[in-house]
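K.L.:
Sharing a structure below in C-alpha cells format, with a few things to ask.
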Amino acid sequence: MTIAIVGGTGPEGSGLALRFARSGEAVIIGSRDAQRAAESAAELNKQVDGGTGVPAGAISGAENRAACESAEIVILTVPFAAHAETLKHIKPALRPGQILVDTTVPLAASIGGRATRTLGVWQGSAAEEAAELVPDGVTAVAAFHNTSAEVLQGDSPVDCDVIVCSDDKEAAKRVRNLARKIPGVRTLDGGKLENARIVEQITALLIGFNIRHKGHSGLRITGLPPTAYEL
Ligand SMILES: NC(=O)c1ccc[n+]([C@@H]2O[C@H](COP(=O)([O-])OP(=O)(O)OC[C@H]3O[C@@H](n4cnc5c(N)ncnc54)[C@H](OP(=O)(O)O)[C@@H]3O)[C@@H](O)[C@H]2O)c1
C-alpha cells in the first residue's frame, strides 16, 4: 500500500510516516516544497529500523499534490489554518477510490490563539469540512487526533487508542487496519464522520494535560469487550 502524508514534514506526519514505514508500507512525505519533502524523507529513512529490522528506503518525498497521485491512502497533517487551502490544492490529484484520512484538530493556536482551545468549524468538524472539499468518490475518514507526535516519533509502543470515524464502514476498517500496525495502538469504530467533532475536541484537553504535567498524553477507552477493538 502507498500512503501519502500531506504536510508530512511536520511532527505528526513524520511520526506516522516512521511507524507505517516500519510496518512495511511505502510512504510519500508531502510538502509545499519538494526539496523539503525529499530532505525530510531522507532523515526519516535513517530512523526507520528502530529495532524492527525493516530496511530503510520505504519513505520518499514529493510536493503535496504530486504525493497524492500514486497513493491509495492520503493522510492530511497540516495546521487547521492551512486545512481548506491544502485540500483545494491537492484536489486535482485525488481520484475515486482513495481514502482521505484527516488528523486535523481545529486548534485556536493555528490562528494565533491557545492550543488548549478549539475553533468553531462551520461544517461541524475539520473532518466534515474535508469531506466537503474532496472530489466525489473520495472517502473522508477521521483518525489519529489523539495520537501524540512525540510518541509516534519514538521507538516505544504507542500507548493510545485510535478512534476512527467515517460514514463509510469499509474505508474506516481499512484505516483501522493501518492504525493497528503501529505497536501498542488499539482502534475503535467511532461511528459516523460527524463524531469527529467530539474526537477533535478531546485533543485540546490532552494538550492542557501535557502543558500542566509536562507529558505526552494519549487516550485509552476502557470497559469494552476485546471484540470492540477487533475489525
Ligand atoms: N502534533 C501533534 O501531537 C498532533 C497530534 C494529533 C493531531 N495533530 C494534528 O496534525 C496536524 C499536523 O500537526 P503538526 O504538529 O505536525 O503541524 P505543523 O508542524 O504545524 O505542520 C505540519 C506541516 O504542515 C505544513 N504547513 C504548515 N503551514 C502551512 C500552510 N500555511 N499551508 C500549507 N502547509 C502548511 C508544513 O509543511 P511544509 O512547510 O513542508 O509544507 C508543516 O511541516 C494538525 O492539524 C494537528 O492538529 C497533531
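Ordered as shown in the C-alpha cells, chains take letters A, B, and onward, while each chain numbers its residues from 1 and ligands are numbered from 1 in the order shown.
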Give the alpha helix (DSSP H) residues of range 68-127 of chain A, as DSSP finds them on the backbone, and put them as a ChimeraX atom specification.
P.N.:
/A:68-69,83-90,126-127
K.L.:
Run DSSP on the backbone and give me the residues of range 25-213 of chain A it puts in strand (DSSP E), as an NGL selection string.
P.N.:
:A and (26-31 or 59-63 or 73-76 or 99-102 or 139-142 or 161-166 or 186-189)
K.L.:
Could the residues in this selection be written to a file with N, CA, C and O atoms, as a short mmCIF file (atom, residue, chain, number, x, y, z; two decimals), in the first residue's frame?
P.N.:
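part_19.cif written:
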```cif
data_model
loop_
_atom_site.label_atom_id
_atom_site.label_comp_id
_atom_site.auth_asym_id
_atom_site.auth_seq_id
_atom_site.Cartn_x
_atom_site.Cartn_y
_atom_site.Cartn_z
N ALA A 26 4.79 1.63 1.95
CA ALA A 26 5.53 2.66 1.22
C ALA A 26 4.91 4.01 1.55
O ALA A 26 3.69 4.17 1.44
N VAL A 27 5.72 4.96 1.97
CA VAL A 27 5.21 6.25 2.42
C VAL A 27 5.82 7.38 1.59
O VAL A 27 7.02 7.38 1.33
N ILE A 28 4.97 8.31 1.17
CA ILE A 28 5.46 9.50 0.47
C ILE A 28 5.20 10.71 1.37
O ILE A 28 4.05 11.00 1.71
N ILE A 29 6.26 11.39 1.76
CA ILE A 29 6.13 12.60 2.55
C ILE A 29 5.77 13.74 1.59
O ILE A 29 6.47 13.98 0.60
N GLY A 30 4.68 14.43 1.87
CA GLY A 30 4.29 15.58 1.06
C GLY A 30 4.66 16.89 1.75
O GLY A 30 4.66 16.97 2.98
N SER A 31 4.99 17.87 0.93
CA SER A 31 5.32 19.20 1.45
C SER A 31 4.96 20.21 0.37
O SER A 31 4.81 19.85 -0.80
N ILE A 59 10.55 5.37 2.55
CA ILE A 59 9.96 6.73 2.58
C ILE A 59 10.57 7.58 1.48
O ILE A 59 11.79 7.70 1.37
N SER A 60 9.70 8.19 0.66
CA SER A 60 10.17 9.11 -0.36
C SER A 60 9.49 10.47 -0.12
O SER A 60 8.65 10.59 0.77
N GLY A 61 9.85 11.47 -0.90
CA GLY A 61 9.28 12.80 -0.70
C GLY A 61 8.80 13.39 -2.01
O GLY A 61 9.33 13.07 -3.08
N ALA A 62 7.78 14.24 -1.95
CA ALA A 62 7.27 14.90 -3.15
C ALA A 62 6.46 16.13 -2.74
O ALA A 62 6.06 16.26 -1.58
N GLU A 63 6.24 16.99 -3.69
CA GLU A 63 5.34 18.14 -3.44
C GLU A 63 3.95 17.56 -3.11
O GLU A 63 3.60 16.47 -3.60
N ILE A 73 -4.02 5.75 0.11
CA ILE A 73 -4.49 6.47 1.29
C ILE A 73 -3.71 7.77 1.40
O ILE A 73 -2.47 7.77 1.33
N VAL A 74 -4.42 8.88 1.54
CA VAL A 74 -3.80 10.20 1.71
C VAL A 74 -4.10 10.67 3.13
O VAL A 74 -5.27 10.72 3.53
N ILE A 75 -3.06 10.95 3.88
CA ILE A 75 -3.26 11.41 5.27
C ILE A 75 -2.92 12.90 5.33
O ILE A 75 -1.85 13.32 4.88
N LEU A 76 -3.85 13.67 5.88
CA LEU A 76 -3.68 15.12 5.93
C LEU A 76 -3.19 15.53 7.32
O LEU A 76 -3.89 15.30 8.32
N ILE A 99 -8.81 7.11 -0.11
CA ILE A 99 -9.29 7.47 1.23
C ILE A 99 -8.49 8.67 1.70
O ILE A 99 -7.25 8.70 1.58
N LEU A 100 -9.19 9.68 2.19
CA LEU A 100 -8.52 10.87 2.75
C LEU A 100 -8.68 10.79 4.27
O LEU A 100 -9.80 10.87 4.78
N VAL A 101 -7.57 10.55 4.96
CA VAL A 101 -7.60 10.48 6.42
C VAL A 101 -7.26 11.85 6.99
O VAL A 101 -6.17 12.36 6.75
N ASP A 102 -8.19 12.43 7.72
CA ASP A 102 -7.93 13.75 8.29
C ASP A 102 -7.55 13.62 9.76
O ASP A 102 -8.29 13.03 10.55
N THR A 139 -13.27 9.09 -0.06
CA THR A 139 -13.92 8.94 1.25
C THR A 139 -13.13 9.60 2.35
O THR A 139 -11.93 9.33 2.51
N ALA A 140 -13.80 10.44 3.13
CA ALA A 140 -13.13 11.08 4.27
C ALA A 140 -13.25 10.19 5.50
O ALA A 140 -14.33 9.66 5.81
N VAL A 141 -12.14 10.04 6.18
CA VAL A 141 -12.08 9.26 7.43
C VAL A 141 -11.33 10.12 8.44
O VAL A 141 -10.31 10.73 8.10
N ALA A 142 -11.83 10.19 9.66
CA ALA A 142 -11.15 10.96 10.71
C ALA A 142 -10.42 10.00 11.64
O ALA A 142 -11.01 9.01 12.09
N ASP A 161 -5.39 4.63 22.13
CA ASP A 161 -6.43 4.07 21.25
C ASP A 161 -6.71 5.09 20.15
O ASP A 161 -6.76 6.30 20.42
N VAL A 162 -6.88 4.60 18.94
CA VAL A 162 -7.20 5.47 17.81
C VAL A 162 -8.68 5.30 17.47
O VAL A 162 -9.12 4.19 17.12
N ILE A 163 -9.42 6.37 17.61
CA ILE A 163 -10.86 6.33 17.31
C ILE A 163 -11.04 6.78 15.86
O ILE A 163 -10.57 7.86 15.47
N VAL A 164 -11.69 5.93 15.07
CA VAL A 164 -11.80 6.17 13.63
C VAL A 164 -13.27 6.43 13.28
O VAL A 164 -14.14 5.60 13.56
N CYS A 165 -13.54 7.57 12.68
CA CYS A 165 -14.91 7.95 12.33
C CYS A 165 -15.04 8.11 10.81
O CYS A 165 -14.19 8.74 10.18
N SER A 166 -16.10 7.55 10.27
CA SER A 166 -16.35 7.72 8.84
C SER A 166 -17.79 7.32 8.52
O SER A 166 -18.37 6.49 9.23
N ARG A 186 -4.56 0.35 19.76
CA ARG A 186 -5.83 -0.37 19.54
C ARG A 186 -6.72 0.63 18.80
O ARG A 186 -6.54 1.84 18.93
N THR A 187 -7.67 0.11 18.04
CA THR A 187 -8.56 1.03 17.33
C THR A 187 -10.01 0.74 17.67
O THR A 187 -10.38 -0.38 17.98
N LEU A 188 -10.81 1.77 17.58
CA LEU A 188 -12.25 1.64 17.82
C LEU A 188 -13.02 2.30 16.69
O LEU A 188 -12.59 3.35 16.15
N ASP A 189 -14.14 1.70 16.33
CA ASP A 189 -15.05 2.31 15.37
C ASP A 189 -15.76 3.47 16.08
O ASP A 189 -16.57 3.24 16.99
#
```
K.L.:
Find the residue from A:Cys160, A:Leu231, A:Ala37, A:Val121 that sits nearest to ligand 1; use only C-alpha atoms and all ligand atoms when measuring.
P.N.:
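Using only C-alpha atoms and all ligand atoms, the shortest distance to ligand 1 belongs to A:Ala37.
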K.L.:
Do you have, as JSON lines, the list of residues of chain A lying at most 8 Å from ligand 1, each with its nearest atom pair and that distance in Å to one decimal, counting only C-alpha atoms and all ligand atoms and ordered by chain then number?
P.N.:
```
{"residue": "A:Val6", "atom": "CA", "partner": "ligand 1", "partner_atom_place_in_ligand_line": "24 (O)", "distance": 7.4}
{"residue": "A:Gly7", "atom": "CA", "partner": "ligand 1", "partner_atom_place_in_ligand_line": "23 (C)", "distance": 3.9}
{"residue": "A:Gly8", "atom": "CA", "partner": "ligand 1", "partner_atom_place_in_ligand_line": "23 (C)", "distance": 6.0}
{"residue": "A:Thr9", "atom": "CA", "partner": "ligand 1", "partner_atom_place_in_ligand_line": "43 (O)", "distance": 4.2}
{"residue": "A:Gly10", "atom": "CA", "partner": "ligand 1", "partner_atom_place_in_ligand_line": "43 (O)", "distance": 3.4}
{"residue": "A:Pro11", "atom": "CA", "partner": "ligand 1", "partner_atom_place_in_ligand_line": "16 (O)", "distance": 4.0}
{"residue": "A:Glu12", "atom": "CA", "partner": "ligand 1", "partner_atom_place_in_ligand_line": "16 (O)", "distance": 3.8}
{"residue": "A:Gly13", "atom": "CA", "partner": "ligand 1", "partner_atom_place_in_ligand_line": "16 (O)", "distance": 5.5}
{"residue": "A:Ser14", "atom": "CA", "partner": "ligand 1", "partner_atom_place_in_ligand_line": "16 (O)", "distance": 7.4}
{"residue": "A:Gly30", "atom": "CA", "partner": "ligand 1", "partner_atom_place_in_ligand_line": "40 (O)", "distance": 7.0}
{"residue": "A:Ser31", "atom": "CA", "partner": "ligand 1", "partner_atom_place_in_ligand_line": "41 (O)", "distance": 3.8}
{"residue": "A:Arg32", "atom": "CA", "partner": "ligand 1", "partner_atom_place_in_ligand_line": "41 (O)", "distance": 3.8}
{"residue": "A:Asp33", "atom": "CA", "partner": "ligand 1", "partner_atom_place_in_ligand_line": "40 (O)", "distance": 5.9}
{"residue": "A:Arg36", "atom": "CA", "partner": "ligand 1", "partner_atom_place_in_ligand_line": "40 (O)", "distance": 6.0}
{"residue": "A:Ala37", "atom": "CA", "partner": "ligand 1", "partner_atom_place_in_ligand_line": "40 (O)", "distance": 6.3}
{"residue": "A:Asn64", "atom": "CA", "partner": "ligand 1", "partner_atom_place_in_ligand_line": "41 (O)", "distance": 7.5}
{"residue": "A:Leu76", "atom": "CA", "partner": "ligand 1", "partner_atom_place_in_ligand_line": "11 (C)", "distance": 7.2}
{"residue": "A:Thr77", "atom": "CA", "partner": "ligand 1", "partner_atom_place_in_ligand_line": "11 (C)", "distance": 3.9}
{"residue": "A:Val78", "atom": "CA", "partner": "ligand 1", "partner_atom_place_in_ligand_line": "24 (O)", "distance": 3.8}
{"residue": "A:Pro79", "atom": "CA", "partner": "ligand 1", "partner_atom_place_in_ligand_line": "45 (O)", "distance": 3.9}
{"residue": "A:Phe80", "atom": "CA", "partner": "ligand 1", "partner_atom_place_in_ligand_line": "45 (O)", "distance": 5.1}
{"residue": "A:Ala81", "atom": "CA", "partner": "ligand 1", "partner_atom_place_in_ligand_line": "31 (N)", "distance": 6.3}
{"residue": "A:Ala82", "atom": "CA", "partner": "ligand 1", "partner_atom_place_in_ligand_line": "32 (N)", "distance": 4.3}
{"residue": "A:His83", "atom": "CA", "partner": "ligand 1", "partner_atom_place_in_ligand_line": "33 (C)", "distance": 7.4}
{"residue": "A:Glu85", "atom": "CA", "partner": "ligand 1", "partner_atom_place_in_ligand_line": "32 (N)", "distance": 7.0}
{"residue": "A:Thr86", "atom": "CA", "partner": "ligand 1", "partner_atom_place_in_ligand_line": "33 (C)", "distance": 5.7}
{"residue": "A:Thr103", "atom": "CA", "partner": "ligand 1", "partner_atom_place_in_ligand_line": "10 (O)", "distance": 5.1}
{"residue": "A:Thr104", "atom": "CA", "partner": "ligand 1", "partner_atom_place_in_ligand_line": "45 (O)", "distance": 3.3}
{"residue": "A:Val105", "atom": "CA", "partner": "ligand 1", "partner_atom_place_in_ligand_line": "47 (O)", "distance": 3.7}
{"residue": "A:Pro106", "atom": "CA", "partner": "ligand 1", "partner_atom_place_in_ligand_line": "47 (O)", "distance": 6.3}
{"residue": "A:Leu107", "atom": "CA", "partner": "ligand 1", "partner_atom_place_in_ligand_line": "47 (O)", "distance": 6.4}
{"residue": "A:Ser110", "atom": "CA", "partner": "ligand 1", "partner_atom_place_in_ligand_line": "20 (O)", "distance": 7.7}
{"residue": "A:Phe144", "atom": "CA", "partner": "ligand 1", "partner_atom_place_in_ligand_line": "6 (C)", "distance": 5.9}
{"residue": "A:His145", "atom": "CA", "partner": "ligand 1", "partner_atom_place_in_ligand_line": "6 (C)", "distance": 4.1}
{"residue": "A:Asn146", "atom": "CA", "partner": "ligand 1", "partner_atom_place_in_ligand_line": "6 (C)", "distance": 5.1}
{"residue": "A:Thr147", "atom": "CA", "partner": "ligand 1", "partner_atom_place_in_ligand_line": "6 (C)", "distance": 5.1}
{"residue": "A:Ser148", "atom": "CA", "partner": "ligand 1", "partner_atom_place_in_ligand_line": "3 (O)", "distance": 3.9}
{"residue": "A:Ala149", "atom": "CA", "partner": "ligand 1", "partner_atom_place_in_ligand_line": "3 (O)", "distance": 3.8}
{"residue": "A:Glu150", "atom": "CA", "partner": "ligand 1", "partner_atom_place_in_ligand_line": "3 (O)", "distance": 6.2}
{"residue": "A:Thr203", "atom": "CA", "partner": "ligand 1", "partner_atom_place_in_ligand_line": "6 (C)", "distance": 6.9}
```
K.L.:
My list of candidates is A:Ala127, A:Asp49, A:Met1, A:Ser156. Which is closest to Leu18 in chain A when distances are computed with only C-alpha atoms?
P.N.:
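Using only C-alpha atoms, the shortest distance to Leu18 in chain A belongs to A:Asp49.
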K.L.:
Which residues, written as a list in words, have at least one atom at most 6 Å from Arg65 in chain A, with only C-alpha atoms counted and residues fewer than 2 positions away on the same chain left out?
P.N.:
Glu63, Ala67, Cys68, Ile90 and Ala93 of chain A
K.L.:
From the set A:Lys181, A:Lys173, A:Lys88, A:Arg114, which residue has the shortest atom-to-atom contact distance to Leu16 in chain A, counting only C-alpha atoms?
P.N.:
A:Lys181
K.L.:
As an exercise, work out the distance from CA of Glu128 in chain A to CA of Pro92 in chain A in Å and give it to one decimal place.
P.N.:
19.2 Å
K.L.:
Go through A:Ile221, A:Leu152, A:Ala66, A:Ala126 and flag the residue nearest Gly50 in chain A, using only C-alpha atoms for the distances.
P.N.:
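For Gly50 in chain A, the nearest of the candidates is A:Leu152.
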K.L.:
Looking at only C-alpha atoms, which of A:Ala130, A:Ala179, A:Ala4, A:Val48 is the one that sits closest to Arg22 in chain A?
P.N.:
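Smallest separation from Arg22 in chain A among the options: A:Val48.
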K.L.:
Suppose you want the space between CA of Ala34 in chain A and CA of Ile111 in chain A; what is it in Å?
P.N.:
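Rounded to one decimal, the two atoms are 25.3 Å apart.
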K.L.:
What separation in Å, quoted to one decimal, exists between CA of Gly218 in chain A and CA of Val151 in chain A?
P.N.:
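These two atoms are separated by 9.0 Å.
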